[in-house]
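Below: start.pdb (PDB, N, CA and C atoms)
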MODEL        1
ATOM      1  N   MET A1346     -14.823   1.984  -1.365
ATOM      2  CA  MET A1346     -14.177   1.917  -2.648
ATOM      3  C   MET A1346     -12.702   2.233  -2.493
ATOM      4  N   ALA A1347     -11.897   1.425  -3.125
ATOM      5  CA  ALA A1347     -10.453   1.654  -3.125
ATOM      6  C   ALA A1347     -10.065   2.335  -4.429
ATOM      7  N   LYS A1348      -9.330   3.414  -4.314
ATOM      8  CA  LYS A1348      -8.899   4.143  -5.500
ATOM      9  C   LYS A1348      -7.385   4.022  -5.623
ATOM     10  N   SER A1349      -6.932   3.805  -6.850
ATOM     11  CA  SER A1349      -5.495   3.752  -7.101
ATOM     12  C   SER A1349      -5.186   4.581  -8.341
ATOM     13  N   LEU A1350      -3.925   4.883  -8.510
ATOM     14  CA  LEU A1350      -3.456   5.619  -9.671
ATOM     15  C   LEU A1350      -2.630   4.666 -10.516
ATOM     16  N   GLU A1351      -2.991   4.501 -11.766
ATOM     17  CA  GLU A1351      -2.224   3.664 -12.679
ATOM     18  C   GLU A1351      -1.389   4.555 -13.588
ATOM     19  N   LEU A1352      -0.083   4.361 -13.508
ATOM     20  CA  LEU A1352       0.845   5.062 -14.386
ATOM     21  C   LEU A1352       1.203   4.084 -15.492
ATOM     22  N   ARG A1353       0.848   4.418 -16.719
ATOM     23  CA  ARG A1353       1.038   3.499 -17.841
ATOM     24  C   ARG A1353       2.248   3.931 -18.672
ATOM     25  N   PHE A1354       3.144   2.982 -18.881
ATOM     26  CA  PHE A1354       4.378   3.221 -19.618
ATOM     27  C   PHE A1354       4.465   2.270 -20.802
ATOM     28  N   VAL A1355       5.442   2.530 -21.662
ATOM     29  CA  VAL A1355       5.804   1.615 -22.743
ATOM     30  C   VAL A1355       7.240   1.186 -22.462
ATOM     31  N   THR A1356       7.492  -0.120 -22.533
ATOM     32  CA  THR A1356       8.836  -0.634 -22.278
ATOM     33  C   THR A1356       9.752  -0.335 -23.458
ATOM     34  N   SER A1357      11.044  -0.596 -23.271
ATOM     35  CA  SER A1357      12.001  -0.388 -24.363
ATOM     36  C   SER A1357      11.774  -1.375 -25.507
ATOM     37  N   LEU A1358      10.942  -2.394 -25.277
ATOM     38  CA  LEU A1358      10.581  -3.341 -26.338
ATOM     39  C   LEU A1358       9.223  -3.008 -26.963
ATOM     40  N   GLY A1359       8.602  -1.908 -26.532
ATOM     41  CA  GLY A1359       7.327  -1.477 -27.104
ATOM     42  C   GLY A1359       6.099  -2.119 -26.492
ATOM     43  N   LYS A1360       6.259  -2.787 -25.350
ATOM     44  CA  LYS A1360       5.118  -3.416 -24.677
ATOM     45  C   LYS A1360       4.594  -2.505 -23.569
ATOM     46  N   SER A1361       3.360  -2.735 -23.162
ATOM     47  CA  SER A1361       2.741  -1.949 -22.099
ATOM     48  C   SER A1361       3.203  -2.421 -20.725
ATOM     49  N   LYS A1362       3.386  -1.458 -19.813
ATOM     50  CA  LYS A1362       3.753  -1.755 -18.427
ATOM     51  C   LYS A1362       3.035  -0.751 -17.541
ATOM     52  N   THR A1363       2.421  -1.227 -16.463
ATOM     53  CA  THR A1363       1.668  -0.358 -15.559
ATOM     54  C   THR A1363       2.263  -0.383 -14.159
ATOM     55  N   MET A1364       2.377   0.788 -13.573
ATOM     56  CA  MET A1364       2.785   0.930 -12.179
ATOM     57  C   MET A1364       1.552   1.430 -11.436
ATOM     58  N   SER A1365       1.158   0.724 -10.383
ATOM     59  CA  SER A1365      -0.036   1.074  -9.637
ATOM     60  C   SER A1365       0.343   1.668  -8.286
ATOM     61  N   VAL A1366      -0.285   2.788  -7.938
ATOM     62  CA  VAL A1366      -0.011   3.484  -6.678
ATOM     63  C   VAL A1366      -1.277   3.464  -5.826
ATOM     64  N   LYS A1367      -1.181   2.849  -4.641
ATOM     65  CA  LYS A1367      -2.320   2.831  -3.718
ATOM     66  C   LYS A1367      -2.412   4.157  -2.973
ATOM     67  N   ASP A1368      -3.623   4.552  -2.626
ATOM     68  CA  ASP A1368      -3.875   5.784  -1.878
ATOM     69  C   ASP A1368      -3.134   6.980  -2.476
ATOM     70  N   PRO A1369      -3.379   7.266  -3.743
ATOM     71  CA  PRO A1369      -2.650   8.352  -4.407
ATOM     72  C   PRO A1369      -3.182   9.726  -4.029
ATOM     73  N   ILE A1370      -2.413  10.733  -4.393
ATOM     74  CA  ILE A1370      -2.896  12.109  -4.328
ATOM     75  C   ILE A1370      -3.989  12.207  -5.389
ATOM     76  N   LEU A1371      -5.130  12.710  -5.010
ATOM     77  CA  LEU A1371      -6.234  12.812  -5.952
ATOM     78  C   LEU A1371      -6.182  14.138  -6.703
ATOM     79  N   ASN A1372      -6.825  14.166  -7.856
ATOM     80  CA  ASN A1372      -6.940  15.369  -8.682
ATOM     81  C   ASN A1372      -5.603  15.887  -9.206
ATOM     82  N   LEU A1373      -4.702  14.985  -9.556
ATOM     83  CA  LEU A1373      -3.463  15.411 -10.198
ATOM     84  C   LEU A1373      -3.796  15.992 -11.569
ATOM     85  N   THR A1374      -3.041  16.985 -11.968
ATOM     86  CA  THR A1374      -3.210  17.533 -13.313
ATOM     87  C   THR A1374      -2.393  16.691 -14.294
ATOM     88  N   THR A1375      -2.674  16.870 -15.564
ATOM     89  CA  THR A1375      -1.913  16.186 -16.603
ATOM     90  C   THR A1375      -0.429  16.507 -16.473
ATOM     91  N   VAL A1376      -0.125  17.768 -16.262
ATOM     92  CA  VAL A1376       1.272  18.212 -16.150
ATOM     93  C   VAL A1376       1.952  17.551 -14.960
ATOM     94  N   GLN A1377       1.283  17.515 -13.808
ATOM     95  CA  GLN A1377       1.865  16.901 -12.616
ATOM     96  C   GLN A1377       2.138  15.409 -12.831
ATOM     97  N   ALA A1378       1.185  14.718 -13.423
ATOM     98  CA  ALA A1378       1.356  13.280 -13.666
ATOM     99  C   ALA A1378       2.491  13.039 -14.647
ATOM    100  N   GLN A1379       2.549  13.809 -15.721
ATOM    101  CA  GLN A1379       3.618  13.640 -16.704
ATOM    102  C   GLN A1379       4.984  13.943 -16.106
ATOM    103  N   GLN A1380       5.071  14.983 -15.283
ATOM    104  CA  GLN A1380       6.344  15.312 -14.641
ATOM    105  C   GLN A1380       6.807  14.186 -13.724
ATOM    106  N   ALA A1381       5.887  13.628 -12.954
ATOM    107  CA  ALA A1381       6.241  12.526 -12.057
ATOM    108  C   ALA A1381       6.701  11.309 -12.858
ATOM    109  N   MET A1382       5.989  11.004 -13.935
ATOM    110  CA  MET A1382       6.360   9.848 -14.749
ATOM    111  C   MET A1382       7.695  10.070 -15.447
ATOM    112  N   ASN A1383       7.937  11.283 -15.915
ATOM    113  CA  ASN A1383       9.230  11.585 -16.537
ATOM    114  C   ASN A1383      10.369  11.490 -15.520
ATOM    115  N   SER A1384      10.088  11.824 -14.262
ATOM    116  CA  SER A1384      11.091  11.675 -13.209
ATOM    117  C   SER A1384      11.433  10.201 -12.995
ATOM    118  N   ILE A1385      10.423   9.353 -13.013
ATOM    119  CA  ILE A1385      10.648   7.903 -12.878
ATOM    120  C   ILE A1385      11.517   7.406 -14.030
ATOM    121  N   ILE A1386      11.188   7.848 -15.235
ATOM    122  CA  ILE A1386      11.960   7.439 -16.420
ATOM    123  C   ILE A1386      13.402   7.917 -16.315
ATOM    124  N   SER A1387      13.605   9.169 -15.906
ATOM    125  CA  SER A1387      14.960   9.737 -15.869
ATOM    126  C   SER A1387      15.853   9.066 -14.834
ATOM    127  N   LEU A1388      15.268   8.455 -13.811
ATOM    128  CA  LEU A1388      16.070   7.729 -12.819
ATOM    129  C   LEU A1388      16.767   6.518 -13.441
ATOM    130  N   ASN A1389      16.147   5.941 -14.459
ATOM    131  CA  ASN A1389      16.708   4.795 -15.174
ATOM    132  C   ASN A1389      17.210   3.714 -14.210
ATOM    133  N   MET A1390      16.428   3.433 -13.190
ATOM    134  CA  MET A1390      16.857   2.493 -12.159
ATOM    135  C   MET A1390      16.201   1.118 -12.268
ATOM    136  N   PHE A1391      15.360   0.921 -13.253
ATOM    137  CA  PHE A1391      14.695  -0.364 -13.414
ATOM    138  C   PHE A1391      15.196  -1.049 -14.679
ATOM    139  N   GLN A1392      15.651  -2.272 -14.545
ATOM    140  CA  GLN A1392      16.043  -3.099 -15.678
ATOM    141  C   GLN A1392      15.617  -4.526 -15.356
ATOM    142  N   ILE A1393      14.905  -5.142 -16.270
ATOM    143  CA  ILE A1393      14.499  -6.534 -16.102
ATOM    144  C   ILE A1393      15.022  -7.293 -17.312
ATOM    145  N   GLU A1394      16.044  -8.089 -17.072
ATOM    146  CA  GLU A1394      16.687  -8.865 -18.134
ATOM    147  C   GLU A1394      17.071  -7.969 -19.309
ATOM    148  N   GLY A1395      17.653  -6.819 -19.001
ATOM    149  CA  GLY A1395      18.128  -5.898 -20.027
ATOM    150  C   GLY A1395      17.063  -5.028 -20.660
ATOM    151  N   VAL A1396      15.839  -5.126 -20.176
ATOM    152  CA  VAL A1396      14.734  -4.341 -20.733
ATOM    153  C   VAL A1396      14.337  -3.260 -19.730
ATOM    154  N   ASN A1397      14.193  -2.043 -20.227
ATOM    155  CA  ASN A1397      13.711  -0.948 -19.382
ATOM    156  C   ASN A1397      12.187  -0.993 -19.393
ATOM    157  N   PRO A1398      11.557  -1.347 -18.258
ATOM    158  CA  PRO A1398      10.099  -1.459 -18.232
ATOM    159  C   PRO A1398       9.383  -0.105 -18.255
ATOM    160  N   TYR A1399      10.107   0.962 -17.944
ATOM    161  CA  TYR A1399       9.511   2.294 -17.904
ATOM    162  C   TYR A1399      10.293   3.221 -18.829
ATOM    163  N   ALA A1400      10.188   2.976 -20.137
ATOM    164  CA  ALA A1400      10.977   3.719 -21.120
ATOM    165  C   ALA A1400      10.305   5.014 -21.557
ATOM    166  N   THR A1401       9.002   4.979 -21.820
ATOM    167  CA  THR A1401       8.282   6.180 -22.246
ATOM    168  C   THR A1401       6.899   6.232 -21.604
ATOM    169  N   VAL A1402       6.344   7.421 -21.537
ATOM    170  CA  VAL A1402       5.027   7.650 -20.941
ATOM    171  C   VAL A1402       3.929   7.242 -21.923
ATOM    172  N   ALA A1403       2.928   6.512 -21.416
ATOM    173  CA  ALA A1403       1.768   6.151 -22.237
ATOM    174  C   ALA A1403       0.496   6.826 -21.726
ATOM    175  N   GLY A1404       0.404   7.063 -20.412
ATOM    176  CA  GLY A1404      -0.781   7.703 -19.856
ATOM    177  C   GLY A1404      -0.909   7.431 -18.367
ATOM    178  N   ALA A1405      -1.907   8.042 -17.759
ATOM    179  CA  ALA A1405      -2.177   7.844 -16.336
ATOM    180  C   ALA A1405      -3.683   7.900 -16.130
ATOM    181  N   ARG A1406      -4.149   7.140 -15.137
ATOM    182  CA  ARG A1406      -5.585   7.143 -14.859
ATOM    183  C   ARG A1406      -5.836   6.711 -13.418
ATOM    184  N   TYR A1407      -6.937   7.208 -12.885
ATOM    185  CA  TYR A1407      -7.399   6.759 -11.577
ATOM    186  C   TYR A1407      -8.310   5.556 -11.804
ATOM    187  N   VAL A1408      -8.190   4.573 -10.929
ATOM    188  CA  VAL A1408      -9.010   3.368 -11.025
ATOM    189  C   VAL A1408      -9.685   3.156  -9.676
ATOM    190  N   GLU A1409     -11.001   2.964  -9.704
ATOM    191  CA  GLU A1409     -11.746   2.660  -8.487
ATOM    192  C   GLU A1409     -12.179   1.207  -8.537
ATOM    193  N   ARG A1410     -12.024   0.544  -7.419
ATOM    194  CA  ARG A1410     -12.380  -0.867  -7.334
ATOM    195  C   ARG A1410     -13.413  -1.038  -6.233
ATOM    196  N   VAL A1411     -14.506  -1.674  -6.585
ATOM    197  CA  VAL A1411     -15.566  -1.935  -5.621
ATOM    198  C   VAL A1411     -15.595  -3.432  -5.358
ATOM    199  N   VAL A1412     -15.535  -3.801  -4.087
ATOM    200  CA  VAL A1412     -15.584  -5.204  -3.702
ATOM    201  C   VAL A1412     -16.818  -5.425  -2.839
ATOM    202  N   ASP A1413     -17.674  -6.330  -3.253
ATOM    203  CA  ASP A1413     -18.855  -6.706  -2.478
ATOM    204  C   ASP A1413     -18.678  -8.145  -2.026
ATOM    205  N   ASP A1414     -18.311  -8.324  -0.769
ATOM    206  CA  ASP A1414     -18.147  -9.679  -0.229
ATOM    207  C   ASP A1414     -19.491 -10.372  -0.149
ATOM    208  N   ILE A1415     -19.518 -11.614  -0.556
ATOM    209  CA  ILE A1415     -20.701 -12.441  -0.412
ATOM    210  C   ILE A1415     -20.683 -13.101   0.960
ATOM    211  N   PHE A1416     -19.528 -13.653   1.320
ATOM    212  CA  PHE A1416     -19.316 -14.181   2.663
ATOM    213  C   PHE A1416     -17.825 -14.345   2.882
ATOM    214  N   GLU A1417     -17.448 -14.520   4.159
ATOM    215  CA  GLU A1417     -16.053 -14.701   4.523
ATOM    216  C   GLU A1417     -15.981 -15.725   5.639
ATOM    217  N   VAL A1418     -15.132 -16.719   5.467
ATOM    218  CA  VAL A1418     -14.949 -17.770   6.474
ATOM    219  C   VAL A1418     -13.863 -17.296   7.434
ATOM    220  N   GLU A1419     -14.175 -17.374   8.716
ATOM    221  CA  GLU A1419     -13.206 -16.930   9.727
ATOM    222  C   GLU A1419     -12.551 -18.082  10.407
TER     223      GLU A1419
ENDMDL
END
Once more with this new file: its structure as structure tokens, please.
Amino acid sequence: MAKSLELRFVTSLGKSKTMSVKDPILNLTTVQAQQAMNSIISLNMFQIEGVNPYATVAGARYVERVVDDIFEVE
């Protein structure tokens, strides 16, 4: 199983934006996740066509993905 951390933000236009982190630190507390996300926001280093994709914090969650291969051609 692959586990990732999804950091969910709201853009400056009010739309949802997710940043996904592979192989994250597990068992982060709410405070730790919020502090990290606020640090990302305070850097203000992302702009896409004049829109800040990481304007405010919306939430964070761990996501597990299970892949069951049926077959693979080599």
I'd like to know which of A:Ala1403, A:Ile1386, A:Val1418, A:Val1408 is closest to Ser1361 in chain A, using only C-alpha atoms. A:Ala1403
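Residues in contact with Arg1406 in chain A at 6 Å, where all atoms listed in the file are counted and same-chain residues fewer than 2 positions away are skipped, are listed as Ser1349, Leu1350, Glu1351, Leu1352, Arg1353, Gly1404 and Val1408 of chain A.
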Residues just named, written with N, CA and C atoms as a PDB file, in the coordinates of the input:
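Written output follows (out.pdb):
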ATOM      1  N   SER A1349      -6.932   3.805  -6.850  1.00  0.00           N
ATOM      2  CA  SER A1349      -5.495   3.752  -7.101  1.00  0.00           C
ATOM      3  C   SER A1349      -5.186   4.581  -8.341  1.00  0.00           C
ATOM      4  N   LEU A1350      -3.925   4.883  -8.510  1.00  0.00           N
ATOM      5  CA  LEU A1350      -3.456   5.619  -9.671  1.00  0.00           C
ATOM      6  C   LEU A1350      -2.630   4.666 -10.516  1.00  0.00           C
ATOM      7  N   GLU A1351      -2.991   4.501 -11.766  1.00  0.00           N
ATOM      8  CA  GLU A1351      -2.224   3.664 -12.679  1.00  0.00           C
ATOM      9  C   GLU A1351      -1.389   4.555 -13.588  1.00  0.00           C
ATOM     10  N   LEU A1352      -0.083   4.361 -13.508  1.00  0.00           N
ATOM     11  CA  LEU A1352       0.845   5.062 -14.386  1.00  0.00           C
ATOM     12  C   LEU A1352       1.203   4.084 -15.492  1.00  0.00           C
ATOM     13  N   ARG A1353       0.848   4.418 -16.719  1.00  0.00           N
ATOM     14  CA  ARG A1353       1.038   3.499 -17.841  1.00  0.00           C
ATOM     15  C   ARG A1353       2.248   3.931 -18.672  1.00  0.00           C
ATOM     16  N   GLY A1404       0.404   7.063 -20.412  1.00  0.00           N
ATOM     17  CA  GLY A1404      -0.781   7.703 -19.856  1.00  0.00           C
ATOM     18  C   GLY A1404      -0.909   7.431 -18.367  1.00  0.00           C
ATOM     19  N   VAL A1408      -8.190   4.573 -10.929  1.00  0.00           N
ATOM     20  CA  VAL A1408      -9.010   3.368 -11.025  1.00  0.00           C
ATOM     21  C   VAL A1408      -9.685   3.156  -9.676  1.00  0.00           C
TER      22      VAL A1408
END
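Taking atom C of Leu1371 in chain A as the reference point, atom N of Val1355 in chain A is found at 22.2 Å.
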Shortest interatomic distance to Ser1357 in chain A - which of A:Val1411, A:Leu1373, A:Ala1405, A:Val1396, counting all atoms listed in the file: A:Val1396
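A straight line drawn from atom C of Ala1347 in chain A to CA of Ala1378 in chain A is 18.3 Å long.
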Once 4 Å is added on each side, what are the centre and the three edge lengths, in Å to one decimal, of the axis-aligned box enclosing the listed atoms of range 1411-1415 of chain A? Present them as JSON.
{"center_x": -17.6, "center_y": -7.4, "center_z": -2.8, "size_x": 14.2, "size_y": 19.4, "size_z": 15.5}
Would you kindly translate the PyMOL selection byres ((chain A and resi 1356) around 6.5) into the concrete residues it picks from this file, as a list in words? Phe1354, Val1355, Ser1357, Leu1358, Gly1359, Lys1360, Ser1361, Lys1362, Asn1397, Pro1398, Tyr1399, Ala1400 and Thr1401 of chain A
re CA of Glu1394 in chain A and CA of Met1364 in chain A: distance 18.0 Å
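Between Arg1410 in chain A and the candidates A:Val1366, A:Val1376, A:Gln1392, A:Lys1348, the tightest atom-to-atom separation, counting all atoms listed in the file, involves A:Lys1348.
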From chain A, collect each residue whose DSSP state is alpha helix (DSSP H) and return the set as a compact mmCIF listing (two decimals) with N, CA and C atoms, in the frame of the given file.
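Saved the output as states-v5.txt:
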# COMPACT_ATOMS: atom_id res chain seq x y z
N THR A 1375 -2.67 16.87 -15.56
CA THR A 1375 -1.91 16.19 -16.60
C THR A 1375 -0.43 16.51 -16.47
N VAL A 1376 -0.12 17.77 -16.26
CA VAL A 1376 1.27 18.21 -16.15
C VAL A 1376 1.95 17.55 -14.96
N GLN A 1377 1.28 17.52 -13.81
CA GLN A 1377 1.86 16.90 -12.62
C GLN A 1377 2.14 15.41 -12.83
N ALA A 1378 1.18 14.72 -13.42
CA ALA A 1378 1.36 13.28 -13.67
C ALA A 1378 2.49 13.04 -14.65
N GLN A 1379 2.55 13.81 -15.72
CA GLN A 1379 3.62 13.64 -16.70
C GLN A 1379 4.98 13.94 -16.11
N GLN A 1380 5.07 14.98 -15.28
CA GLN A 1380 6.34 15.31 -14.64
C GLN A 1380 6.81 14.19 -13.72
N ALA A 1381 5.89 13.63 -12.95
CA ALA A 1381 6.24 12.53 -12.06
C ALA A 1381 6.70 11.31 -12.86
N MET A 1382 5.99 11.00 -13.94
CA MET A 1382 6.36 9.85 -14.75
C MET A 1382 7.70 10.07 -15.45
N ASN A 1383 7.94 11.28 -15.92
CA ASN A 1383 9.23 11.58 -16.54
C ASN A 1383 10.37 11.49 -15.52
N SER A 1384 10.09 11.82 -14.26
CA SER A 1384 11.09 11.68 -13.21
C SER A 1384 11.43 10.20 -13.00
N ILE A 1385 10.42 9.35 -13.01
CA ILE A 1385 10.65 7.90 -12.88
C ILE A 1385 11.52 7.41 -14.03
N ILE A 1386 11.19 7.85 -15.24
CA ILE A 1386 11.96 7.44 -16.42
C ILE A 1386 13.40 7.92 -16.32
N SER A 1387 13.60 9.17 -15.91
CA SER A 1387 14.96 9.74 -15.87
C SER A 1387 15.85 9.07 -14.83
N LEU A 1388 15.27 8.46 -13.81
CA LEU A 1388 16.07 7.73 -12.82
C LEU A 1388 16.77 6.52 -13.44
Going by DSSP on the backbone, which bits of chain A are strand (DSSP E or B)? Write them as an NGL selection string, please. :A and (1347-1355 or 1361-1367 or 1393 or 1396 or 1401-1410)
Could you add the missing atoms to range 1359-1370 of chain A, up to all heavy atoms, and return them as a PDB file, in the coordinates of the input?
ATOM      1  N   GLY A1359       8.602  -1.908 -26.532  1.00  0.00           N
ATOM      2  CA  GLY A1359       7.327  -1.477 -27.104  1.00  0.00           C
ATOM      3  C   GLY A1359       6.099  -2.119 -26.492  1.00  0.00           C
ATOM      4  O   GLY A1359       5.001  -1.981 -27.022  1.00  0.00           O
ATOM      5  N   LYS A1360       6.259  -2.787 -25.350  1.00  0.00           N
ATOM      6  CA  LYS A1360       5.118  -3.416 -24.677  1.00  0.00           C
ATOM      7  C   LYS A1360       4.594  -2.505 -23.569  1.00  0.00           C
ATOM      8  O   LYS A1360       5.298  -1.632 -23.082  1.00  0.00           O
ATOM      9  CB  LYS A1360       5.533  -4.762 -24.092  1.00  0.00           C
ATOM     10  CG  LYS A1360       5.938  -5.758 -25.155  1.00  0.00           C
ATOM     11  CD  LYS A1360       6.240  -7.100 -24.555  1.00  0.00           C
ATOM     12  CE  LYS A1360       6.576  -8.085 -25.669  1.00  0.00           C
ATOM     13  NZ  LYS A1360       6.760  -9.431 -25.153  1.00  0.00           N
ATOM     14  N   SER A1361       3.360  -2.735 -23.162  1.00  0.00           N
ATOM     15  CA  SER A1361       2.741  -1.949 -22.099  1.00  0.00           C
ATOM     16  C   SER A1361       3.203  -2.421 -20.725  1.00  0.00           C
ATOM     17  O   SER A1361       3.363  -3.609 -20.490  1.00  0.00           O
ATOM     18  CB  SER A1361       1.219  -2.073 -22.163  1.00  0.00           C
ATOM     19  OG  SER A1361       0.741  -1.543 -23.366  1.00  0.00           O
ATOM     20  N   LYS A1362       3.386  -1.458 -19.813  1.00  0.00           N
ATOM     21  CA  LYS A1362       3.753  -1.755 -18.427  1.00  0.00           C
ATOM     22  C   LYS A1362       3.035  -0.751 -17.541  1.00  0.00           C
ATOM     23  O   LYS A1362       3.025   0.453 -17.830  1.00  0.00           O
ATOM     24  CB  LYS A1362       5.265  -1.639 -18.253  1.00  0.00           C
ATOM     25  CG  LYS A1362       5.754  -1.934 -16.868  1.00  0.00           C
ATOM     26  CD  LYS A1362       5.668  -3.400 -16.554  1.00  0.00           C
ATOM     27  CE  LYS A1362       6.272  -3.684 -15.193  1.00  0.00           C
ATOM     28  NZ  LYS A1362       6.111  -5.065 -14.807  1.00  0.00           N
ATOM     29  N   THR A1363       2.421  -1.227 -16.463  1.00  0.00           N
ATOM     30  CA  THR A1363       1.668  -0.358 -15.559  1.00  0.00           C
ATOM     31  C   THR A1363       2.263  -0.383 -14.159  1.00  0.00           C
ATOM     32  O   THR A1363       2.580  -1.443 -13.634  1.00  0.00           O
ATOM     33  CB  THR A1363       0.194  -0.804 -15.492  1.00  0.00           C
ATOM     34  OG1 THR A1363      -0.358  -0.759 -16.806  1.00  0.00           O
ATOM     35  CG2 THR A1363      -0.616   0.097 -14.579  1.00  0.00           C
ATOM     36  N   MET A1364       2.377   0.788 -13.573  1.00  0.00           N
ATOM     37  CA  MET A1364       2.785   0.930 -12.179  1.00  0.00           C
ATOM     38  C   MET A1364       1.552   1.430 -11.436  1.00  0.00           C
ATOM     39  O   MET A1364       0.952   2.435 -11.822  1.00  0.00           O
ATOM     40  CB  MET A1364       3.927   1.934 -12.040  1.00  0.00           C
ATOM     41  CG  MET A1364       4.386   2.162 -10.623  1.00  0.00           C
ATOM     42  SD  MET A1364       5.682   3.438 -10.501  1.00  0.00           S
ATOM     43  CE  MET A1364       7.070   2.591 -11.218  1.00  0.00           C
ATOM     44  N   SER A1365       1.158   0.724 -10.383  1.00  0.00           N
ATOM     45  CA  SER A1365      -0.036   1.074  -9.637  1.00  0.00           C
ATOM     46  C   SER A1365       0.343   1.668  -8.286  1.00  0.00           C
ATOM     47  O   SER A1365       1.183   1.107  -7.575  1.00  0.00           O
ATOM     48  CB  SER A1365      -0.911  -0.167  -9.449  1.00  0.00           C
ATOM     49  OG  SER A1365      -2.117   0.173  -8.825  1.00  0.00           O
ATOM     50  N   VAL A1366      -0.285   2.788  -7.938  1.00  0.00           N
ATOM     51  CA  VAL A1366      -0.011   3.484  -6.678  1.00  0.00           C
ATOM     52  C   VAL A1366      -1.277   3.464  -5.826  1.00  0.00           C
ATOM     53  O   VAL A1366      -2.311   3.990  -6.240  1.00  0.00           O
ATOM     54  CB  VAL A1366       0.423   4.940  -6.948  1.00  0.00           C
ATOM     55  CG1 VAL A1366       0.697   5.665  -5.637  1.00  0.00           C
ATOM     56  CG2 VAL A1366       1.624   4.983  -7.872  1.00  0.00           C
ATOM     57  N   LYS A1367      -1.181   2.849  -4.641  1.00  0.00           N
ATOM     58  CA  LYS A1367      -2.320   2.831  -3.718  1.00  0.00           C
ATOM     59  C   LYS A1367      -2.412   4.157  -2.973  1.00  0.00           C
ATOM     60  O   LYS A1367      -1.395   4.786  -2.692  1.00  0.00           O
ATOM     61  CB  LYS A1367      -2.147   1.708  -2.690  1.00  0.00           C
ATOM     62  CG  LYS A1367      -2.277   0.330  -3.255  1.00  0.00           C
ATOM     63  CD  LYS A1367      -2.133  -0.693  -2.155  1.00  0.00           C
ATOM     64  CE  LYS A1367      -2.261  -2.087  -2.696  1.00  0.00           C
ATOM     65  NZ  LYS A1367      -2.111  -3.098  -1.641  1.00  0.00           N
ATOM     66  N   ASP A1368      -3.623   4.552  -2.626  1.00  0.00           N
ATOM     67  CA  ASP A1368      -3.875   5.784  -1.878  1.00  0.00           C
ATOM     68  C   ASP A1368      -3.134   6.980  -2.476  1.00  0.00           C
ATOM     69  O   ASP A1368      -2.362   7.649  -1.799  1.00  0.00           O
ATOM     70  CB  ASP A1368      -3.488   5.612  -0.404  1.00  0.00           C
ATOM     71  CG  ASP A1368      -4.254   4.493   0.265  1.00  0.00           C
ATOM     72  OD1 ASP A1368      -5.468   4.381   0.014  1.00  0.00           O
ATOM     73  OD2 ASP A1368      -3.645   3.716   1.037  1.00  0.00           O
ATOM     74  N   PRO A1369      -3.379   7.266  -3.743  1.00  0.00           N
ATOM     75  CA  PRO A1369      -2.650   8.352  -4.407  1.00  0.00           C
ATOM     76  C   PRO A1369      -3.182   9.726  -4.029  1.00  0.00           C
ATOM     77  O   PRO A1369      -4.257   9.869  -3.459  1.00  0.00           O
ATOM     78  CB  PRO A1369      -2.937   8.078  -5.885  1.00  0.00           C
ATOM     79  CG  PRO A1369      -4.333   7.516  -5.863  1.00  0.00           C
ATOM     80  CD  PRO A1369      -4.372   6.649  -4.630  1.00  0.00           C
ATOM     81  N   ILE A1370      -2.413  10.733  -4.393  1.00  0.00           N
ATOM     82  CA  ILE A1370      -2.896  12.109  -4.328  1.00  0.00           C
ATOM     83  C   ILE A1370      -3.989  12.207  -5.389  1.00  0.00           C
ATOM     84  O   ILE A1370      -3.785  11.800  -6.535  1.00  0.00           O
ATOM     85  CB  ILE A1370      -1.770  13.107  -4.641  1.00  0.00           C
ATOM     86  CG1 ILE A1370      -0.685  13.026  -3.567  1.00  0.00           C
ATOM     87  CG2 ILE A1370      -2.317  14.519  -4.774  1.00  0.00           C
ATOM     88  CD1 ILE A1370       0.566  13.809  -3.907  1.00  0.00           C
TER      89      ILE A1370
END
